[in-house]
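Each remark here refers to the structure printed beneath this line.
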Amino acid sequence: MQSRRLVLISRRFWPLVGGAERAMAGLAQEFQKMGHQVRVVTAKWESHWPAELVHREIPVTRLANPKTRGWGTYRYISGLKRWLGNHRLDYDAVLVSMLKHDAYAAIGTLGRFEKPVVVRAEGAGSTGDCSWHRTARFGTRIKNVCKTASAMVAPSRRVEEELLESGFDSSKVHYVPNGVELVDFKSDGAAAARFALADAHPILKVEPGEPLVVYTGRLDIQKGLLDLVDAWKWVAKAFPRGRLWLVGEGPDGQVIWDRIRESNQTCEVVMPGSFDEVTDVLAAADAFVLPSYQEGMSLSLLEAMAAEVPVVATDIPGNRALIGDHRGRTCRVKDPEDLARAILDTIQKSDQSHRMAKSARQYVEENYSLSRMAQKHLELIERQLSPSQGRSVPLEQSDRNSVDSNPEKGL
């Protein structure tokens with residue numbers, strides 16, 4: 001495969017860190033490792049942020065994005081269209097995160113230049129792109145433009161089903177599951193990670209021998225974080241000096257913090273903000289928990305499984321597809337007591353939990369590596385650059401078979 005010049009567009013990017021942002025950052029790094037030229041184009045959310053920077057060796061361009069609602073979106077879209085038009089000779093293809101304003105601007109601008117635009121749908125359910133199309137202002141118009149993209153990537157079977165149900169062309173929709181970097185942890189990694197984190201900030205200190213449970217991701221009540229705070233009251237009865245970290249940023253941070261204060265758990269439940277990388281956080285943890293109400297395919301859950309951390313997640317299709325019956329524990333949705341029970345089982349039955357974690361790590365290695373995810377994206381982009389450019393070229397049957405062998409197919 002020849003070297004390509006690729007632009008990755010994501011309105012939210014570092015230092016705003018969520019699942020979609022980490023997926024795009026990971027893809028950018030992998031594309032560059034594979035010998036391609038990559039640039040990320042994003043929004044400038046704060047006036048003091050630099051317009052140009054380098055993040056993990058990837059050049060990043062930030063476009064004006066005033067905070068005034070409506071006006072900020074207009075300025076960003078206008079700037080994105082202008083940038084793409086002015087630099088059209090500098091890149092071969094564009095990959096856009098989310099079927100929203102960015103995709104609308106990219107497709108509308110590049111259609112006349114015959115530049116392929118591949119879009120990634122990043123979520124499912126009420127927080128997914130298809131739901132957004134039904135509720136957002138101009139959502140239907142944006143959806144109709146997104147239908148004309150060269151190809152659409154669905155990172156989970158749930159997202160794929162929603163796209164098809166919303167009328168997207170089945171020949172353009174391609175299931176490419178998310179992937180995560182596989183990091184090898186040292187045997188003394190937990191102690192070293194806890195020491196490093198506590199040294200960085202005293203609030204992150206965990207007493208030796210005490211359990212640490214972490215959540216990493218967007219601070220959104222749809223992630224079940226209020227249930228998790230309520231559940232921790234039962235966990236704290238068994239482990240008064242145990243700690244729960246809610247790592248991330250998001251729209252409901254204040255609501256969650258208010259619940260923590262109301263339940264007098266400000267010492268036990270810590271909200272340290274977001275981390276550019278969660279490697280040390282996962283290395284320090286005894287368990288990872290994802291109590292969300294709906295998921296497509298959670299990147300945070302995959303990262304925890306890859307880190308060989310015992311996991312607890314709500315029993316919903318997206319989580320069950322990854323955990324199965326022996327790679328972690330599940331609990332009922334919106335049931336804090338059942339969630340607490342699963343967390344306590346994970347901590348107290350440590351031998352069983354670590355066997356599950358090893359199985360989870362192996363499963364991710366075989367099915368959800370970041371390198372595999374990047375390769376599938378590149379193959380899809382390359383097909384749009386073929387002589388039949390302008391329409392989505394289906395993946396070869398052999399490729400579909402290899403992807404479809406994943407157990408998530410039946411969901």
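Residue numbers start at 1 in each chain; chains themselves are named A, B, ... in the order of the structure tokens; ligands are numbered from 1 in the order shown.
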
Practice problem: Give me every strand (DSSP E) residue in segment 143-204 of chain A, going by DSSP on the backbone, as a list in words. | Solution: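 Those in segment 143-204 of chain A that DSSP calls strand (DSSP E) are Ala151, Met152, Val153, Ala154, Val173, His174 and Tyr175 of chain A.
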
Would you save the residues from that selection as a PDB file, in the first residue's frame, using N, CA and C atoms?
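Resulting contents of out_1.pdb:
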```pdb
ATOM      1  N   ALA A 151     -17.889   6.537   2.287  1.00  0.00           N
ATOM      2  CA  ALA A 151     -18.117   5.324   3.082  1.00  0.00           C
ATOM      3  C   ALA A 151     -18.356   5.725   4.520  1.00  0.00           C
ATOM      4  N   MET A 152     -19.042   4.834   5.278  1.00  0.00           N
ATOM      5  CA  MET A 152     -19.282   5.060   6.703  1.00  0.00           C
ATOM      6  C   MET A 152     -18.719   3.884   7.491  1.00  0.00           C
ATOM      7  N   VAL A 153     -18.057   4.195   8.579  1.00  0.00           N
ATOM      8  CA  VAL A 153     -17.517   3.172   9.474  1.00  0.00           C
ATOM      9  C   VAL A 153     -18.434   3.037  10.680  1.00  0.00           C
ATOM     10  N   ALA A 154     -18.850   1.809  10.970  1.00  0.00           N
ATOM     11  CA  ALA A 154     -19.624   1.504  12.174  1.00  0.00           C
ATOM     12  C   ALA A 154     -18.711   0.716  13.116  1.00  0.00           C
ATOM     13  N   VAL A 173     -21.913   1.175   4.275  1.00  0.00           N
ATOM     14  CA  VAL A 173     -21.704   0.999   5.714  1.00  0.00           C
ATOM     15  C   VAL A 173     -20.791  -0.194   5.957  1.00  0.00           C
ATOM     16  N   HIS A 174     -19.705   0.022   6.678  1.00  0.00           N
ATOM     17  CA  HIS A 174     -18.707  -1.023   6.911  1.00  0.00           C
ATOM     18  C   HIS A 174     -18.443  -1.171   8.411  1.00  0.00           C
ATOM     19  N   TYR A 175     -18.590  -2.362   8.896  1.00  0.00           N
ATOM     20  CA  TYR A 175     -18.317  -2.642  10.306  1.00  0.00           C
ATOM     21  C   TYR A 175     -16.814  -2.816  10.498  1.00  0.00           C
TER      22      TYR A 175
END
```

Determine, using only C-alpha atoms, which residues of segment 271-326 of chain A have any atom at most 6 Å from an atom of segment 243-265 of chain A, and tabulate each with its shortest atom pair and distance in Å to one decimal place, rows ordered by chain and then rising number, as JSON lines.
```
{"residue": "A:Met271", "atom": "CA", "partner": "A:Leu246", "partner_atom": "CA", "distance": 5.0}
{"residue": "A:Pro272", "atom": "CA", "partner": "A:Val247", "partner_atom": "CA", "distance": 6.0}
{"residue": "A:Gly273", "atom": "CA", "partner": "A:Gly248", "partner_atom": "CA", "distance": 5.1}
{"residue": "A:Ser274", "atom": "CA", "partner": "A:Gly248", "partner_atom": "CA", "distance": 4.0}
```

Atoms to include: C-alpha atoms. Write the selected residues as a short mmCIF file (atom, residue, chain, number, x, y, z; two decimals), in the first residue's frame.
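Result file result.cif:
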```cif
data_model
loop_
_atom_site.label_atom_id
_atom_site.label_comp_id
_atom_site.auth_asym_id
_atom_site.auth_seq_id
_atom_site.Cartn_x
_atom_site.Cartn_y
_atom_site.Cartn_z
CA MET A 271 -12.91 13.09 40.41
CA PRO A 272 -9.33 13.86 39.27
CA GLY A 273 -10.23 15.18 35.81
CA SER A 274 -9.10 13.77 32.48
#
```

Quiz item: Among segment 241-287 of chain A, which ones does DSSP place in alpha helix (DSSP H), written as a PyMOL selection string?
Solution: chain A and resi 253-262+279-284

For the selection you just gave me, I'd like the residues written to a file as a short mmCIF file (atom, residue, chain, number, x, y, z; two decimals), in the first residue's frame, keeping N, CA and C atoms.
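See selection-v1.cif below for the written result:
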```cif
data_model
loop_
_atom_site.label_atom_id
_atom_site.label_comp_id
_atom_site.auth_asym_id
_atom_site.auth_seq_id
_atom_site.Cartn_x
_atom_site.Cartn_y
_atom_site.Cartn_z
N GLY A 253 -20.37 16.66 34.98
CA GLY A 253 -19.41 16.59 36.07
C GLY A 253 -19.93 17.21 37.36
N GLN A 254 -20.57 18.38 37.26
CA GLN A 254 -21.07 19.06 38.46
C GLN A 254 -22.21 18.28 39.10
N VAL A 255 -23.08 17.71 38.29
CA VAL A 255 -24.20 16.92 38.81
C VAL A 255 -23.67 15.72 39.60
N ILE A 256 -22.65 15.08 39.07
CA ILE A 256 -22.07 13.91 39.73
C ILE A 256 -21.37 14.32 41.02
N TRP A 257 -20.65 15.44 40.97
CA TRP A 257 -19.98 15.91 42.17
C TRP A 257 -20.99 16.28 43.26
N ASP A 258 -22.10 16.86 42.87
CA ASP A 258 -23.14 17.19 43.84
C ASP A 258 -23.66 15.93 44.53
N ARG A 259 -23.82 14.83 43.77
CA ARG A 259 -24.28 13.58 44.37
C ARG A 259 -23.23 13.04 45.35
N ILE A 260 -21.96 13.18 45.01
CA ILE A 260 -20.88 12.72 45.89
C ILE A 260 -20.92 13.50 47.21
N ARG A 261 -21.10 14.80 47.13
CA ARG A 261 -21.15 15.63 48.34
C ARG A 261 -22.39 15.32 49.17
N GLU A 262 -23.54 15.16 48.51
CA GLU A 262 -24.78 14.88 49.22
C GLU A 262 -24.70 13.56 49.99
N THR A 279 -3.01 4.83 31.02
CA THR A 279 -2.19 3.64 31.28
C THR A 279 -1.89 3.48 32.76
N ASP A 280 -1.40 4.55 33.41
CA ASP A 280 -1.06 4.46 34.84
C ASP A 280 -2.31 4.25 35.69
N VAL A 281 -3.40 4.88 35.30
CA VAL A 281 -4.65 4.74 36.06
C VAL A 281 -5.09 3.28 36.06
N LEU A 282 -5.06 2.65 34.89
CA LEU A 282 -5.47 1.25 34.80
C LEU A 282 -4.47 0.33 35.50
N ALA A 283 -3.19 0.66 35.39
CA ALA A 283 -2.17 -0.17 36.05
C ALA A 283 -2.34 -0.14 37.57
N ALA A 284 -2.83 0.98 38.09
CA ALA A 284 -2.99 1.12 39.54
C ALA A 284 -4.26 0.46 40.06
#
```

Practice problem: Within 10 Å of Ser298 of chain A, counting only C-alpha atoms, which residues show up once you throw out same-chain ones fewer than 4 positions away? Write them as a VMD selection string, please. | Solution: chain A and resid 19 to 20 122 to 123 155 to 156 178 to 179 217 290 292 294 302 to 303 318 to 319 322

Quiz item: Which distance in Å separates atom CA of Arg5 of chain A and atom CA of Asp92 of chain A, to one decimal?
Solution: 5.2 Å

How close does segment 263-371 of chain A get to segment 196-214 of chain A? List, as a Markdown table, each residue of segment 263-371 of chain A within 6 Å, its nearest atom pair and the distance in Å to one decimal, counting only C-alpha atoms.
```
| residue | atom | partner | partner_atom | distance |
| --- | --- | --- | --- | --- |
| A:Ala285 | CA | A:Leu212 | CA | 5.1 |
| A:Asp286 | CA | A:Leu212 | CA | 5.3 |
| A:Ala287 | CA | A:Val213 | CA | 4.8 |
| A:Phe288 | CA | A:Val214 | CA | 4.9 |
```

Exercise. Write out as a PyMOL selection string the residues lying within 12 Å of Arg82 of chain A, counting only C-alpha atoms and excluding same-chain residues fewer than 2 positions away.
Key: chain A and resi 63-64+75-80+84-88+105-106+108-110

Export of the given selection (N, CA and C atoms) as a JSON list (two decimals), in the first residue's frame:
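That gives us part22.json:
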```json
[["chain", "number", "residue", "atom", "x", "y", "z"],
["A", 63, "LEU", "N", -9.12, 25.22, 14.54],
["A", 63, "LEU", "CA", -9.88, 26.27, 13.87],
["A", 63, "LEU", "C", -10.77, 27.01, 14.86],
["A", 64, "ALA", "N", -11.03, 28.27, 14.57],
["A", 64, "ALA", "CA", -11.82, 29.11, 15.48],
["A", 64, "ALA", "C", -13.15, 28.47, 15.81],
["A", 75, "ARG", "N", -18.98, 29.44, 12.83],
["A", 75, "ARG", "CA", -17.59, 29.83, 12.58],
["A", 75, "ARG", "C", -16.70, 28.62, 12.32],
["A", 76, "TYR", "N", -16.93, 27.58, 13.11],
["A", 76, "TYR", "CA", -16.11, 26.38, 12.95],
["A", 76, "TYR", "C", -16.35, 25.73, 11.59],
["A", 77, "ILE", "N", -17.61, 25.55, 11.21],
["A", 77, "ILE", "CA", -17.93, 24.94, 9.92],
["A", 77, "ILE", "C", -17.36, 25.78, 8.77],
["A", 78, "SER", "N", -17.53, 27.09, 8.86],
["A", 78, "SER", "CA", -17.00, 27.96, 7.81],
["A", 78, "SER", "C", -15.49, 27.85, 7.70],
["A", 79, "GLY", "N", -14.83, 27.84, 8.86],
["A", 79, "GLY", "CA", -13.38, 27.71, 8.85],
["A", 79, "GLY", "C", -12.92, 26.37, 8.32],
["A", 80, "LEU", "N", -13.67, 25.31, 8.65],
["A", 80, "LEU", "CA", -13.31, 23.97, 8.17],
["A", 80, "LEU", "C", -13.46, 23.89, 6.65],
["A", 84, "LEU", "N", -10.27, 23.14, 4.20],
["A", 84, "LEU", "CA", -10.26, 21.98, 3.30],
["A", 84, "LEU", "C", -10.12, 22.41, 1.84],
["A", 85, "GLY", "N", -10.79, 23.50, 1.47],
["A", 85, "GLY", "CA", -10.68, 23.98, 0.11],
["A", 85, "GLY", "C", -9.31, 24.52, -0.21],
["A", 86, "ASN", "N", -8.75, 25.30, 0.71],
["A", 86, "ASN", "CA", -7.44, 25.90, 0.48],
["A", 86, "ASN", "C", -6.32, 24.88, 0.45],
["A", 87, "HIS", "N", -6.48, 23.76, 1.17],
["A", 87, "HIS", "CA", -5.42, 22.75, 1.26],
["A", 87, "HIS", "C", -5.74, 21.48, 0.47],
["A", 88, "ARG", "N", -6.67, 21.55, -0.45],
["A", 88, "ARG", "CA", -7.14, 20.34, -1.15],
["A", 88, "ARG", "C", -6.06, 19.61, -1.91],
["A", 105, "ALA", "N", -19.68, 19.57, 6.63],
["A", 105, "ALA", "CA", -18.78, 20.53, 6.00],
["A", 105, "ALA", "C", -17.81, 19.85, 5.05],
["A", 106, "ALA", "N", -17.24, 18.73, 5.49],
["A", 106, "ALA", "CA", -16.24, 18.04, 4.66],
["A", 106, "ALA", "C", -16.85, 17.48, 3.38],
["A", 108, "GLY", "N", -19.66, 18.37, 1.87],
["A", 108, "GLY", "CA", -20.13, 19.44, 1.01],
["A", 108, "GLY", "C", -19.01, 20.14, 0.28],
["A", 109, "THR", "N", -17.86, 20.27, 0.93],
["A", 109, "THR", "CA", -16.73, 20.96, 0.32],
["A", 109, "THR", "C", -15.98, 20.09, -0.67],
["A", 110, "LEU", "N", -15.76, 18.84, -0.32],
["A", 110, "LEU", "CA", -14.86, 17.99, -1.11],
["A", 110, "LEU", "C", -15.54, 17.22, -2.22]]
```

Practice problem: List the neighbours of segment 221-235 of chain A out to 6 Å using only C-alpha atoms; skip same-chain residues closer than 4 positions along the sequence, and give me the result as an NGL selection string. | Solution: :A and (291-293 or 336-337 or 340)

Quiz item: If we count only C-alpha atoms, what is near Asn65 of chain A at a cut-off of 7 Å, once residues fewer than 3 positions away on the same chain are taken out, given as a list in words?
Solution: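 Result of the neighbour search: Ala43, Lys44, Trp45, Gly72, Thr73, Arg75 and Tyr76 of chain A.
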
Within 9 Å of Val96 of chain A, counting only C-alpha atoms, which residues qualify if same-chain residues fewer than 6 places away don't, as an mmCIF file with C-alpha atoms, in the first residue's frame?
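In the end it all went to out-v1.cif:
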```
data_model
loop_
_atom_site.group_PDB
_atom_site.id
_atom_site.type_symbol
_atom_site.label_atom_id
_atom_site.label_comp_id
_atom_site.auth_asym_id
_atom_site.auth_seq_id
_atom_site.Cartn_x
_atom_site.Cartn_y
_atom_site.Cartn_z
ATOM 1 C CA VAL A 7 -6.560 14.440 7.225
ATOM 2 C CA LEU A 8 -8.438 13.335 10.334
ATOM 3 C CA ILE A 9 -11.218 15.685 11.470
ATOM 4 C CA SER A 10 -12.641 15.674 14.990
ATOM 5 C CA MET A 24 -9.018 9.265 16.426
ATOM 6 C CA ASP A 102 -17.768 18.247 10.605
ATOM 7 C CA ALA A 103 -18.958 15.569 8.199
ATOM 8 C CA ALA A 106 -16.238 18.040 4.660
ATOM 9 C CA VAL A 117 -14.579 11.429 2.695
ATOM 10 C CA VAL A 118 -14.974 8.481 5.076
ATOM 11 C CA VAL A 119 -17.042 9.140 8.209
ATOM 12 C CA ARG A 120 -17.072 7.306 11.548
ATOM 13 C CA ALA A 121 -20.293 6.989 13.565
#
```

Quiz prompt | Distance criterion (only C-alpha atoms): nearest to Arg158 of chain A out of A:Gly70, A:Gly125, A:Gly26, A:Gly18 | solution =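 Once distances to Arg158 of chain A are computed over only C-alpha atoms, the minimum belongs to A:Gly125.
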
Exercise. For each of A:His326, A:Arg112, A:His36, A:Arg11, take the minimum atom-to-atom distance to Ala374 of chain A, counting only C-alpha atoms, then give the residue where this is smallest.
Key: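 Checking each candidate against Ala374 of chain A, we get A:His36 as the closest.
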